[in-house]
>>> print(open('model-v2.pdb').read())   # PDB, C-alpha atoms
ATOM      1  CA  MET A   1      67.013  13.142 -46.203
ATOM      2  CA  GLU A   2      64.782  10.448 -44.725
ATOM      3  CA  GLN A   3      61.493   9.714 -46.470
ATOM      4  CA  MET A   4      58.585  11.368 -44.678
ATOM      5  CA  ASN A   5      56.052   9.134 -42.943
ATOM      6  CA  PRO A   6      52.604  10.282 -44.192
ATOM      7  CA  TYR A   7      50.916   9.047 -41.000
ATOM      8  CA  ILE A   8      52.980  11.176 -38.612
ATOM      9  CA  LYS A   9      52.651  14.924 -38.087
ATOM     10  CA  GLN A  10      55.941  16.336 -39.284
ATOM     11  CA  PHE A  11      57.731  19.646 -38.985
ATOM     12  CA  PRO A  12      60.323  19.744 -41.747
ATOM     13  CA  ASP A  13      61.238  23.390 -41.061
ATOM     14  CA  LEU A  14      62.050  22.892 -37.368
ATOM     15  CA  PHE A  15      65.732  22.197 -36.670
ATOM     16  CA  LYS A  16      66.305  21.994 -40.394
ATOM     17  CA  GLY A  17      69.954  21.263 -41.083
ATOM     18  CA  LYS A  18      70.714  21.063 -37.352
ATOM     19  CA  LYS A  19      71.563  18.269 -34.918
ATOM     20  CA  ILE A  20      69.459  16.798 -32.126
ATOM     21  CA  MET A  21      71.091  14.403 -29.694
ATOM     22  CA  TYR A  22      68.909  12.006 -27.716
ATOM     23  CA  VAL A  23      70.111  10.507 -24.423
ATOM     24  CA  HIS A  24      68.136   7.388 -23.545
ATOM     25  CA  GLY A  25      67.007   6.040 -20.203
ATOM     26  CA  PHE A  26      68.053   3.062 -18.114
ATOM     27  CA  ALA A  27      68.192  -0.325 -19.909
ATOM     28  CA  SER A  28      67.328   1.278 -23.235
ATOM     29  CA  SER A  29      69.378   2.202 -26.299
ATOM     30  CA  GLY A  30      69.746   4.617 -29.182
ATOM     31  CA  GLN A  31      67.396   2.415 -31.188
ATOM     32  CA  SER A  32      64.339   3.154 -29.061
ATOM     33  CA  GLY A  33      60.948   4.140 -30.411
ATOM     34  CA  THR A  34      61.500   7.692 -29.156
ATOM     35  CA  VAL A  35      64.493   8.072 -31.464
ATOM     36  CA  THR A  36      62.425   6.823 -34.388
ATOM     37  CA  ARG A  37      59.711   9.316 -33.561
ATOM     38  CA  ILE A  38      62.134  12.256 -33.336
ATOM     39  CA  ARG A  39      63.529  11.363 -36.754
ATOM     40  CA  GLU A  40      60.051  11.126 -38.243
ATOM     41  CA  VAL A  41      58.744  14.375 -36.744
ATOM     42  CA  PHE A  42      61.872  16.374 -37.670
ATOM     43  CA  PRO A  43      62.891  14.794 -40.985
ATOM     44  CA  ASN A  44      65.397  17.501 -41.909
ATOM     45  CA  ALA A  45      67.331  17.296 -38.646
ATOM     46  CA  THR A  46      70.224  14.942 -37.959
ATOM     47  CA  VAL A  47      69.420  12.806 -34.901
ATOM     48  CA  ILE A  48      72.306  11.381 -32.867
ATOM     49  CA  ALA A  49      71.520   8.668 -30.321
ATOM     50  CA  PRO A  50      74.459   6.744 -28.868
ATOM     51  CA  ASP A  51      74.060   3.537 -26.882
ATOM     52  CA  LEU A  52      75.185   4.367 -23.346
ATOM     53  CA  PRO A  53      77.502   2.159 -21.312
ATOM     54  CA  ILE A  54      75.987   0.764 -18.120
ATOM     55  CA  HIS A  55      78.584   2.325 -15.842
ATOM     56  CA  PRO A  56      77.698   6.015 -15.342
ATOM     57  CA  GLN A  57      81.194   7.506 -15.621
ATOM     58  CA  GLU A  58      81.761   5.644 -18.885
ATOM     59  CA  ALA A  59      78.391   6.952 -20.104
ATOM     60  CA  MET A  60      79.317  10.539 -19.246
ATOM     61  CA  ASP A  61      82.715  10.192 -20.915
ATOM     62  CA  LEU A  62      80.981   8.975 -24.084
ATOM     63  CA  LEU A  63      78.466  11.840 -23.968
ATOM     64  CA  TYR A  64      81.173  14.472 -23.453
ATOM     65  CA  ALA A  65      83.113  13.068 -26.405
ATOM     66  CA  THR A  66      79.992  12.910 -28.582
ATOM     67  CA  CYS A  67      79.099  16.519 -27.792
ATOM     68  CA  GLU A  68      82.643  17.654 -28.538
ATOM     69  CA  ARG A  69      82.598  15.840 -31.882
ATOM     70  CA  GLU A  70      79.018  16.543 -33.024
ATOM     71  CA  GLN A  71      78.253  19.919 -31.386
ATOM     72  CA  PRO A  72      74.490  19.226 -31.144
ATOM     73  CA  ASP A  73      72.073  22.148 -31.373
ATOM     74  CA  LEU A  74      69.700  20.455 -28.902
ATOM     75  CA  ILE A  75      69.997  17.588 -26.428
ATOM     76  CA  ILE A  76      66.920  15.698 -25.219
ATOM     77  CA  GLY A  77      67.320  13.312 -22.289
ATOM     78  CA  THR A  78      64.681  11.093 -20.706
ATOM     79  CA  SER A  79      64.738   9.553 -17.210
ATOM     80  CA  MET A  80      68.344   8.489 -16.503
ATOM     81  CA  GLY A  81      69.275  10.261 -19.734
ATOM     82  CA  GLY A  82      67.747  13.417 -18.317
ATOM     83  CA  MET A  83      70.095  13.193 -15.350
ATOM     84  CA  TYR A  84      73.082  12.882 -17.684
ATOM     85  CA  THR A  85      71.798  15.642 -19.956
ATOM     86  CA  GLU A  86      71.626  18.172 -17.113
ATOM     87  CA  MET A  87      75.398  17.898 -16.791
ATOM     88  CA  LEU A  88      76.080  18.561 -20.488
ATOM     89  CA  TYR A  89      76.547  22.267 -19.889
ATOM     90  CA  GLY A  90      76.796  24.730 -22.738
ATOM     91  CA  TYR A  91      73.992  23.266 -24.885
ATOM     92  CA  ASP A  92      70.244  23.805 -25.158
ATOM     93  CA  ARG A  93      68.650  20.883 -23.331
ATOM     94  CA  ILE A  94      65.270  19.333 -22.557
ATOM     95  CA  LEU A  95      65.039  16.962 -19.589
ATOM     96  CA  VAL A  96      61.964  14.708 -19.588
ATOM     97  CA  ASN A  97      61.203  13.090 -16.219
ATOM     98  CA  PRO A  98      64.889  13.291 -15.207
ATOM     99  CA  ALA A  99      66.019  10.683 -12.665
ATOM    100  CA  PHE A 100      68.338  12.872 -10.599
ATOM    101  CA  GLN A 101      68.256  10.389  -7.703
ATOM    102  CA  MET A 102      69.114   7.396  -9.865
ATOM    103  CA  GLY A 103      70.742   5.310  -7.139
ATOM    104  CA  ASP A 104      67.639   5.534  -4.932
ATOM    105  CA  THR A 105      65.379   4.891  -7.926
ATOM    106  CA  MET A 106      67.274   1.695  -8.751
ATOM    107  CA  LYS A 107      66.820   0.386  -5.198
ATOM    108  CA  ASP A 108      63.186   1.471  -4.866
ATOM    109  CA  HIS A 109      62.126  -0.151  -8.138
ATOM    110  CA  GLY A 110      64.005  -3.434  -7.889
ATOM    111  CA  MET A 111      66.613  -2.723 -10.533
ATOM    112  CA  ILE A 112      69.363  -4.639  -8.695
ATOM    113  CA  GLY A 113      70.252  -8.027 -10.195
ATOM    114  CA  ALA A 114      69.804  -9.459 -13.684
ATOM    115  CA  GLN A 115      68.367  -6.971 -16.187
ATOM    116  CA  HIS A 116      67.371  -7.085 -19.849
ATOM    117  CA  PHE A 117      67.761  -4.244 -22.340
ATOM    118  CA  SER A 118      64.351  -3.122 -23.597
ATOM    119  CA  ASN A 119      65.737  -2.179 -27.024
ATOM    120  CA  PRO A 120      68.400  -3.724 -29.268
ATOM    121  CA  ARG A 121      71.908  -2.329 -28.980
ATOM    122  CA  GLN A 122      74.631  -2.033 -31.567
ATOM    123  CA  ASP A 123      76.991  -4.285 -29.591
ATOM    124  CA  GLY A 124      74.362  -7.047 -29.538
ATOM    125  CA  VAL A 125      74.326  -7.298 -25.728
ATOM    126  CA  GLN A 126      70.866  -8.139 -24.378
ATOM    127  CA  ASP A 127      71.400  -8.777 -20.670
ATOM    128  CA  PHE A 128      73.408  -7.218 -17.853
ATOM    129  CA  ILE A 129      73.665  -7.320 -14.064
ATOM    130  CA  VAL A 130      73.240  -4.416 -11.657
ATOM    131  CA  THR A 131      75.278  -4.808  -8.473
ATOM    132  CA  LYS A 132      75.231  -2.841  -5.250
ATOM    133  CA  ALA A 133      78.584  -1.387  -6.250
ATOM    134  CA  MET A 134      77.043  -0.121  -9.472
ATOM    135  CA  VAL A 135      74.174   1.469  -7.554
ATOM    136  CA  LYS A 136      76.770   3.378  -5.541
ATOM    137  CA  GLU A 137      78.362   4.523  -8.811
ATOM    138  CA  TYR A 138      75.021   6.024  -9.805
ATOM    139  CA  LYS A 139      74.544   7.682  -6.420
ATOM    140  CA  ASP A 140      78.000   9.212  -6.715
ATOM    141  CA  MET A 141      77.197  10.441 -10.223
ATOM    142  CA  THR A 142      73.918  12.085  -9.211
ATOM    143  CA  GLU A 143      75.772  14.081  -6.558
ATOM    144  CA  GLN A 144      77.527  15.874  -9.430
ATOM    145  CA  CYS A 145      74.246  17.239 -10.846
ATOM    146  CA  PHE A 146      73.639  21.021 -10.705
ATOM    147  CA  ALA A 147      77.352  21.702 -10.190
ATOM    148  CA  GLN A 148      77.585  24.388 -12.876
ATOM    149  CA  VAL A 149      74.181  26.071 -12.870
ATOM    150  CA  THR A 150      74.573  29.688 -13.944
ATOM    151  CA  PRO A 151      72.042  32.301 -15.115
ATOM    152  CA  GLU A 152      73.021  31.439 -18.687
ATOM    153  CA  GLU A 153      72.479  27.723 -18.080
ATOM    154  CA  GLN A 154      69.092  28.416 -16.497
ATOM    155  CA  GLY A 155      67.996  29.896 -19.804
ATOM    156  CA  ARG A 156      69.133  26.833 -21.759
ATOM    157  CA  VAL A 157      67.494  24.009 -19.788
ATOM    158  CA  TRP A 158      63.836  22.960 -19.808
ATOM    159  CA  GLY A 159      62.450  20.372 -17.375
ATOM    160  CA  LEU A 160      59.283  18.463 -18.283
ATOM    161  CA  PHE A 161      57.599  16.343 -15.603
ATOM    162  CA  GLY A 162      54.728  13.922 -16.174
ATOM    163  CA  ASP A 163      51.822  14.500 -13.800
ATOM    164  CA  GLU A 164      51.224  10.715 -13.680
ATOM    165  CA  ASP A 165      54.855   9.680 -13.242
ATOM    166  CA  THR A 166      55.070   7.099 -10.438
ATOM    167  CA  THR A 167      58.708   6.166 -11.078
ATOM    168  CA  VAL A 168      60.607   9.369 -10.275
ATOM    169  CA  ASN A 169      59.599  12.665  -8.700
ATOM    170  CA  THR A 170      62.300  15.309  -9.065
ATOM    171  CA  TYR A 171      60.132  18.319  -9.967
ATOM    172  CA  ASP A 172      60.897  20.238  -6.762
ATOM    173  CA  LEU A 173      64.598  19.371  -6.920
ATOM    174  CA  PHE A 174      64.868  20.637 -10.480
ATOM    175  CA  ARG A 175      62.846  23.762  -9.702
ATOM    176  CA  SER A 176      65.254  24.636  -6.879
ATOM    177  CA  HIS A 177      67.969  25.075  -9.524
ATOM    178  CA  TYR A 178      66.152  25.976 -12.747
ATOM    179  CA  CYS A 179      63.126  28.170 -13.404
ATOM    180  CA  THR A 180      61.628  26.201 -16.318
ATOM    181  CA  ALA A 181      59.955  23.292 -14.518
ATOM    182  CA  ILE A 182      56.788  22.346 -16.428
ATOM    183  CA  ARG A 183      54.278  19.608 -15.703
ATOM    184  CA  PHE A 184      52.779  17.753 -18.651
ATOM    185  CA  HIS A 185      50.039  15.159 -19.071
ATOM    186  CA  GLY A 186      51.775  11.812 -19.072
ATOM    187  CA  GLU A 187      53.498   8.999 -17.250
ATOM    188  CA  HIS A 188      57.197   8.294 -16.806
ATOM    189  CA  ARG A 189      57.628   6.670 -20.196
ATOM    190  CA  MET A 190      57.091   9.195 -22.955
ATOM    191  CA  ASN A 191      54.518   8.237 -25.597
ATOM    192  CA  ASP A 192      53.438   9.845 -28.865
ATOM    193  CA  ASN A 193      50.825  12.052 -27.199
ATOM    194  CA  SER A 194      53.169  13.491 -24.588
ATOM    195  CA  PHE A 195      55.926  13.934 -27.152
ATOM    196  CA  MET A 196      53.778  15.756 -29.720
ATOM    197  CA  HIS A 197      51.855  18.002 -27.295
ATOM    198  CA  SER A 198      54.504  18.573 -24.616
ATOM    199  CA  VAL A 199      58.007  18.153 -26.020
ATOM    200  CA  VAL A 200      57.488  19.421 -29.573
ATOM    201  CA  PRO A 201      56.192  22.857 -28.425
ATOM    202  CA  VAL A 202      59.358  23.350 -26.340
ATOM    203  CA  ILE A 203      61.497  22.263 -29.292
ATOM    204  CA  ARG A 204      59.683  24.892 -31.363
ATOM    205  CA  TRP A 205      60.416  27.601 -28.756
ATOM    206  CA  ILE A 206      64.094  26.657 -28.729
ATOM    207  CA  ASP A 207      64.366  26.618 -32.509
ATOM    208  CA  ASP A 208      62.619  30.013 -32.743
ATOM    209  CA  ARG A 209      65.091  31.477 -30.262
ATOM    210  CA  GLN A 210      68.113  29.978 -31.998
ATOM    211  CA  GLU A 211      66.937  31.266 -35.383
ATOM    212  CA  GLU A 212      65.772  34.621 -33.957
ATOM    213  CA  ARG A 213      62.426  33.817 -35.543
ATOM    214  CA  GLU A 214      59.520  36.084 -34.614
ATOM    215  CA  ARG A 215      56.121  34.528 -35.186
ATOM    216  CA  PRO A 216      52.943  36.606 -35.537
ATOM    217  CA  ILE A 217      51.310  37.103 -32.124
ATOM    218  CA  VAL A 218      47.775  35.868 -31.441
ATOM    219  CA  TYR A 219      46.118  36.907 -28.178
ATOM    220  CA  ILE A 220      43.110  34.884 -27.007
ATOM    221  CA  GLY A 221      40.685  36.191 -24.401
ATOM    222  CA  MET A 222      40.123  33.333 -21.970
ATOM    223  CA  GLU A 223      36.364  33.933 -21.882
ATOM    224  CA  ALA A 224      36.217  32.821 -25.524
ATOM    225  CA  LEU A 225      37.662  29.419 -24.680
ATOM    226  CA  PHE A 226      34.938  28.080 -22.412
ATOM    227  CA  TYR A 227      31.310  28.623 -21.482
ATOM    228  CA  PRO A 228      30.331  30.467 -18.276
ATOM    229  CA  ASP A 229      29.752  27.091 -16.582
ATOM    230  CA  GLY A 230      33.375  26.163 -17.213
ATOM    231  CA  GLU A 231      32.765  23.693 -20.042
ATOM    232  CA  PRO A 232      35.160  24.123 -22.992
ATOM    233  CA  ARG A 233      33.712  25.446 -26.208
ATOM    234  CA  SER A 234      33.520  23.063 -29.139
ATOM    235  CA  SER A 235      36.725  22.844 -31.229
ATOM    236  CA  ALA A 236      38.556  25.316 -28.959
ATOM    237  CA  GLN A 237      41.325  22.876 -28.052
ATOM    238  CA  LYS A 238      41.792  21.672 -31.639
ATOM    239  CA  THR A 239      41.980  25.224 -32.984
ATOM    240  CA  VAL A 240      44.386  26.428 -30.296
ATOM    241  CA  ARG A 241      46.719  23.496 -30.986
ATOM    242  CA  ALA A 242      46.677  24.334 -34.698
ATOM    243  CA  LEU A 243      47.433  28.007 -34.009
ATOM    244  CA  ILE A 244      50.385  27.137 -31.774
ATOM    245  CA  GLU A 245      52.129  25.460 -34.709
ATOM    246  CA  HIS A 246      52.376  28.759 -36.618
ATOM    247  CA  TYR A 247      51.879  31.625 -34.158
ATOM    248  CA  GLN A 248      53.007  32.839 -30.774
ATOM    249  CA  VAL A 249      49.790  32.341 -28.815
ATOM    250  CA  LEU A 250      49.142  34.149 -25.528
ATOM    251  CA  PHE A 251      46.088  33.770 -23.294
ATOM    252  CA  VAL A 252      44.583  36.911 -21.780
ATOM    253  CA  GLY A 253      42.568  37.092 -18.562
ATOM    254  CA  ALA A 254      40.968  39.936 -16.670
ATOM    255  CA  ALA A 255      42.747  41.872 -13.932
ATOM    256  CA  PRO A 256      42.475  42.349 -11.028
ATOM    257  CA  VAL A 257      42.215  38.583 -10.940
ATOM    258  CA  ASP A 258      38.946  37.062  -9.778
ATOM    259  CA  THR A 259      40.029  33.919  -7.917
ATOM    260  CA  VAL A 260      37.136  31.754  -9.130
ATOM    261  CA  TYR A 261      37.532  32.882 -12.739
ATOM    262  CA  TYR A 262      41.291  32.464 -12.549
ATOM    263  CA  ALA A 263      40.970  28.918 -11.181
ATOM    264  CA  GLU A 264      38.554  27.903 -13.941
ATOM    265  CA  ALA A 265      40.693  29.490 -16.656
ATOM    266  CA  ASN A 266      43.914  28.033 -15.272
ATOM    267  CA  ASP A 267      42.370  24.562 -14.973
ATOM    268  CA  TRP A 268      41.167  24.719 -18.586
ATOM    269  CA  LEU A 269      44.548  25.864 -19.857
ATOM    270  CA  TYR A 270      46.336  23.143 -17.904
ATOM    271  CA  GLU A 271      43.970  20.376 -18.974
ATOM    272  CA  SER A 272      43.377  21.394 -22.587
ATOM    273  CA  VAL A 273      46.466  23.344 -23.681
ATOM    274  CA  ASN A 274      49.023  22.268 -21.082
ATOM    275  CA  VAL A 275      52.691  22.930 -21.886
ATOM    276  CA  PRO A 276      52.152  25.558 -24.648
ATOM    277  CA  ALA A 277      50.288  27.745 -22.118
ATOM    278  CA  TRP A 278      53.247  27.798 -19.724
ATOM    279  CA  GLY A 279      54.597  31.345 -19.526
ATOM    280  CA  HIS A 280      52.061  32.486 -22.115
ATOM    281  CA  THR A 281      49.339  33.942 -19.865
ATOM    282  CA  VAL A 282      48.633  37.665 -19.468
ATOM    283  CA  PHE A 283      46.291  39.426 -17.014
ATOM    284  CA  THR A 284      45.386  43.028 -17.760
ATOM    285  CA  VAL A 285      42.611  45.615 -17.520
ATOM    286  CA  ARG A 286      43.794  47.332 -20.712
ATOM    287  CA  ARG A 287      43.604  44.752 -23.460
ATOM    288  CA  GLU A 288      43.678  47.424 -26.112
ATOM    289  CA  LEU A 289      47.290  48.184 -25.154
ATOM    290  CA  LEU A 290      48.503  44.676 -25.973
ATOM    291  CA  TYR A 291      50.851  44.767 -28.922
ATOM    292  CA  GLY A 292      50.364  41.950 -31.388
ATOM    293  CA  ASP A 293      48.884  40.862 -34.694
ATOM    294  CA  TYR A 294      45.523  39.312 -33.776
ATOM    295  CA  PHE A 295      43.178  39.366 -30.790
ATOM    296  CA  ILE A 296      40.417  36.789 -30.405
ATOM    297  CA  GLY A 297      37.904  38.059 -27.861
ATOM    298  CA  MET A 298      34.230  38.700 -27.227
ATOM    299  CA  GLU A 299      34.437  42.506 -27.073
ATOM    300  CA  GLU A 300      31.961  44.275 -29.345
ATOM    301  CA  ALA A 301      33.983  47.502 -29.358
ATOM    302  CA  TRP A 302      37.708  47.339 -30.014
ATOM    303  CA  SER A 303      40.328  50.060 -30.313
ATOM    304  CA  GLY A 304      43.439  47.979 -29.872
ATOM    305  CA  MET A 305      46.448  47.672 -32.158
ATOM    306  CA  ALA A 306      45.808  44.014 -33.087
ATOM    307  CA  THR A 307      43.272  42.836 -35.660
ATOM    308  CA  HIS A 308      40.176  41.932 -33.659
ATOM    309  CA  LEU A 309      38.342  38.680 -34.326
ATOM    310  CA  GLN A 310      35.143  39.004 -32.320
ATOM    311  CA  PHE A 311      34.270  35.535 -31.103
ATOM    312  CA  GLY A 312      30.506  34.919 -31.213
ATOM    313  CA  SER A 313      29.895  37.441 -33.997
ATOM    314  CA  ASP A 314      28.252  36.514 -37.286
ATOM    315  CA  THR A 315      31.684  36.082 -38.868
ATOM    316  CA  PHE A 316      33.264  34.110 -36.032
ATOM    317  CA  LYS A 317      30.419  32.256 -34.351
ATOM    318  CA  THR A 318      32.498  29.185 -33.528
ATOM    319  CA  TRP A 319      36.092  28.095 -33.152
ATOM    320  CA  ASP A 320      35.753  26.277 -36.471
ATOM    321  CA  ASP A 321      35.188  29.693 -38.067
ATOM    322  CA  ILE A 322      38.343  30.959 -36.355
ATOM    323  CA  ALA A 323      40.278  27.926 -37.618
ATOM    324  CA  THR A 324      39.101  28.486 -41.187
ATOM    325  CA  TYR A 325      40.156  32.140 -41.068
ATOM    326  CA  PHE A 326      43.708  31.290 -40.001
ATOM    327  CA  GLU A 327      43.973  28.368 -42.420
ATOM    328  CA  ARG A 328      43.361  30.849 -45.235
ATOM    329  CA  LEU A 329      46.089  33.101 -43.846
ATOM    330  CA  GLY A 330      48.608  30.287 -44.065
ATOM    331  CA  GLY A 331      50.569  31.329 -40.997
ATOM    332  CA  GLN A 332      50.734  35.024 -41.824
TER     333      GLN A 332
END
>>> encode(input="model-v2.pdb", output="structure tokens")
Amino acid sequence: MEQMNPYIKQFPDLFKGKKIMYVHGFASSGQSGTVTRIREVFPNATVIAPDLPIHPQEAMDLLYATCEREQPDLIIGTSMGGMYTEMLYGYDRILVNPAFQMGDTMKDHGMIGAQHFSNPRQDGVQDFIVTKAMVKEYKDMTEQCFAQVTPEEQGRVWGLFGDEDTTVNTYDLFRSHYCTAIRFHGEHRMNDNSFMHSVVPVIRWIDDRQEERERPIVYIGMEALFYPDGEPRSSAQKTVRALIEHYQVLFVGAAPVDTVYYAEANDWLYESVNVPAWGHTVFTVRRELLYGDYFIGMEEAWSGMATHLQFGSDTFKTWDDIATYFERLGGQ
């Protein structure tokens, strides 16, 4: 087991004893900073990250062989690696800013000619040349994407798309084949912030499903998250992020939906919670019928089945009070 880095938030119980394969992007390698970060955040997982050949068919042949040999429990691909990863059917997969139109991307961003690998490679090669013939190889490869999309595959693939990505834009293309297209705060190149707050939550969902793990359910009334003027309440974002690490958190709004209220609530969830709020929003007129473990809301009277934490009461005046309560529970 690798020694834990005390400066990095780690999740030793996620993917414990399992394998994660990372598929890198164009002109990168299996020694990238992203690979280092995955190993640090999931210290009890085995991380596989092969250096990919430049020619796409050779890269796919290597990936097929690696999957057959290693049988990874999760595959994460970024950019060009996301395009390859989509075609590795039969595995749980996360595609981050996938470059499904790689041939066009190479032409549009001046990738033809002499190129330099951005990370060291095991074979020691540092430079390579992209020719027009190679660009055609990539265009031919991208035409093979989405060839085996089935209902089962749709449940095994997650697409994450940076809302500031100016390099590729394949959100609509992905969404036409898969239902899990999620926008996250970030650019094309994944950094620590986008990895921790966008990719890690999806990894947690996948691990929970694989392990048939049921986390305690926490419902949060949206009105408790921000003031009537739309400004977020102090410590709300920090507390919600902490809860997501241990609980299944769902956000509850009023129904029928008031369009102004919905827009404000949706904007706050997108800006402050982002990926973890995707698919975790409920609108209802009968909150007391929600089945779960805890409900954080501003109701004075409560007859529901979940333990009610009345936000704004003497006991739970602030989100810091809520955070303290759950810290004492220790994830229960």
>>> residues_around(input="model-v2.pdb", residues="region 318-327 of chain A", least_positions_apart="3", cutoff="12 Å", atoms="only C-alpha atoms", output="PyMOL selection string")
chain A and resi 216+218+220+224-226+232-247+294-298+308-315+330-332
>>> closest_residue(input="model-v2.pdb", among="A:Gly304, A:Gly279, A:Asp140, A:Thr284", to="Ala255 (chain A)", atoms="all atoms listed in the file")
A:Thr284
>>> resolve_selection(input="model-v2.pdb", expression="the PyMOL selection byres ((chain A and resi 77-91) around 9)", output="number ranges by chain")
A: 21-26, 56, 59-60, 63-64, 67, 71-76, 92-102, 141-142, 144-149, 152-153, 156-157, 159, 168, 188-190
>>> closest_atom_pairs(input="model-v2.pdb", of="region 17-82 of chain A", to="region 119-125 of chain A", cutoff="12 Å", atoms="all atoms listed in the file", output="JSON lines")
{"residue": "A:His24", "atom": "CA", "partner": "A:Asn119", "partner_atom": "CA", "distance": 10.5}
{"residue": "A:Gly25", "atom": "CA", "partner": "A:Asn119", "partner_atom": "CA", "distance": 10.8}
{"residue": "A:Phe26", "atom": "CA", "partner": "A:Asn119", "partner_atom": "CA", "distance": 10.6}
{"residue": "A:Ala27", "atom": "CA", "partner": "A:Asn119", "partner_atom": "CA", "distance": 7.8}
{"residue": "A:Ser28", "atom": "CA", "partner": "A:Asn119", "partner_atom": "CA", "distance": 5.4}
{"residue": "A:Ser29", "atom": "CA", "partner": "A:Asn119", "partner_atom": "CA", "distance": 5.7}
{"residue": "A:Gly30", "atom": "CA", "partner": "A:Arg121", "partner_atom": "CA", "distance": 7.3}
{"residue": "A:Gln31", "atom": "CA", "partner": "A:Asn119", "partner_atom": "CA", "distance": 6.4}
{"residue": "A:Ser32", "atom": "CA", "partner": "A:Asn119", "partner_atom": "CA", "distance": 5.9}
{"residue": "A:Gly33", "atom": "CA", "partner": "A:Asn119", "partner_atom": "CA", "distance": 8.6}
{"residue": "A:Thr34", "atom": "CA", "partner": "A:Asn119", "partner_atom": "CA", "distance": 11.0}
{"residue": "A:Val35", "atom": "CA", "partner": "A:Asn119", "partner_atom": "CA", "distance": 11.2}
{"residue": "A:Ala49", "atom": "CA", "partner": "A:Arg121", "partner_atom": "CA", "distance": 11.1}
{"residue": "A:Pro50", "atom": "CA", "partner": "A:Gln122", "partner_atom": "CA", "distance": 9.2}
{"residue": "A:Asp51", "atom": "CA", "partner": "A:Arg121", "partner_atom": "CA", "distance": 6.6}
{"residue": "A:Leu52", "atom": "CA", "partner": "A:Arg121", "partner_atom": "CA", "distance": 9.3}
{"residue": "A:Pro53", "atom": "CA", "partner": "A:Arg121", "partner_atom": "CA", "distance": 10.5}
{"residue": "A:Ile54", "atom": "CA", "partner": "A:Val125", "partner_atom": "CA", "distance": 11.2}
>>> residues_near_point(input="model-v2.pdb", point="(49.4, 32.1, -22.2)", cutoff="7 Å", atoms="only C-alpha atoms", output="list in words")
Val249, Leu250, Phe251, Val252, Ala277, Trp278, Gly279, His280, Thr281 and Val282 of chain A
>>> closest_residue(input="model-v2.pdb", among="A:Lys139, A:Lys132, A:Arg204, A:Lys19", to="Thr66 (chain A)", atoms="only C-alpha atoms")
A:Lys19
>>> resolve_selection(input="model-v2.pdb", expression="the PyMOL selection byres ((chain A and resi 134) around 9)", output="PyMOL selection string")
chain A and resi 54-56+103+112+130-133+135-139
>>> closest_residue(input="model-v2.pdb", among="A:Leu160, A:Cys179, A:Met222, A:Ile129", to="Phe283 (chain A)", atoms="only C-alpha atoms")
A:Met222
>>> resolve_selection(input="model-v2.pdb", expression="the PyMOL selection byres ((chain A and resi 44) around 12)", output="PyMOL selection string")
chain A and resi 1-4+10-20+38-43+45-47
>>> residues_near_point(input="model-v2.pdb", point="(34.4, 30.2, -17.8)", cutoff="7 Å", atoms="all atoms listed in the file", output="ChimeraX atom specification")
/A:223,226-230,261,264-265
>>> axis_aligned_box(input="model-v2.pdb", around="region 175-194 of chain A", padding_each_side="6 Å", output="lines of an AutoDock Vina configuration file")
center_x = 59.0
center_y = 17.4
center_z = -17.9
size_x = 29.9
size_y = 33.5
size_z = 34.0
>>> atom_distance(input="model-v2.pdb", atom1="CA of Val285 (chain A)", atom2="CA of Gly221 (chain A)")
11.8 Å
>>> atom_distance(input="model-v2.pdb", atom1="CA of Glu288 (chain A)", atom2="CA of Glu214 (chain A)")
21.3 Å
>>> atom_distance(input="model-v2.pdb", atom1="CA of Glu271 (chain A)", atom2="CA of Phe184 (chain A)")
9.2 Å
>>> closest_residue(input="model-v2.pdb", among="A:Thr105, A:Thr167, A:Ser198, A:Thr180", to="Asn274 (chain A)", atoms="only C-alpha atoms")
A:Ser198
>>> build_atoms(input="model-v2.pdb", residues="region 148-156 of chain A", atoms="N, CA and C atoms", output="tab-separated table (two decimals), in the frame of the given file")
chain	number	residue	atom	x	y	z
A	148	GLN	N	77.18	23.21	-12.10
A	148	GLN	CA	77.58	24.39	-12.88
A	148	GLN	C	76.37	25.18	-13.36
A	149	VAL	N	75.37	25.31	-12.51
A	149	VAL	CA	74.18	26.07	-12.87
A	149	VAL	C	74.49	27.57	-12.76
A	150	THR	N	74.35	28.25	-13.88
A	150	THR	CA	74.57	29.69	-13.94
A	150	THR	C	73.32	30.33	-14.53
A	151	PRO	N	73.19	31.66	-14.46
A	151	PRO	CA	72.04	32.30	-15.12
A	151	PRO	C	71.93	31.95	-16.59
A	152	GLU	N	73.06	31.82	-17.27
A	152	GLU	CA	73.02	31.44	-18.69
A	152	GLU	C	72.48	30.02	-18.85
A	153	GLU	N	72.95	29.10	-18.00
A	153	GLU	CA	72.48	27.72	-18.08
A	153	GLU	C	70.99	27.63	-17.76
A	154	GLN	N	70.51	28.45	-16.84
A	154	GLN	CA	69.09	28.42	-16.50
A	154	GLN	C	68.21	28.76	-17.69
A	155	GLY	N	68.75	29.55	-18.61
A	155	GLY	CA	68.00	29.90	-19.80
A	155	GLY	C	68.11	28.88	-20.91
A	156	ARG	N	68.90	27.82	-20.71
A	156	ARG	CA	69.13	26.83	-21.76
A	156	ARG	C	68.57	25.46	-21.41
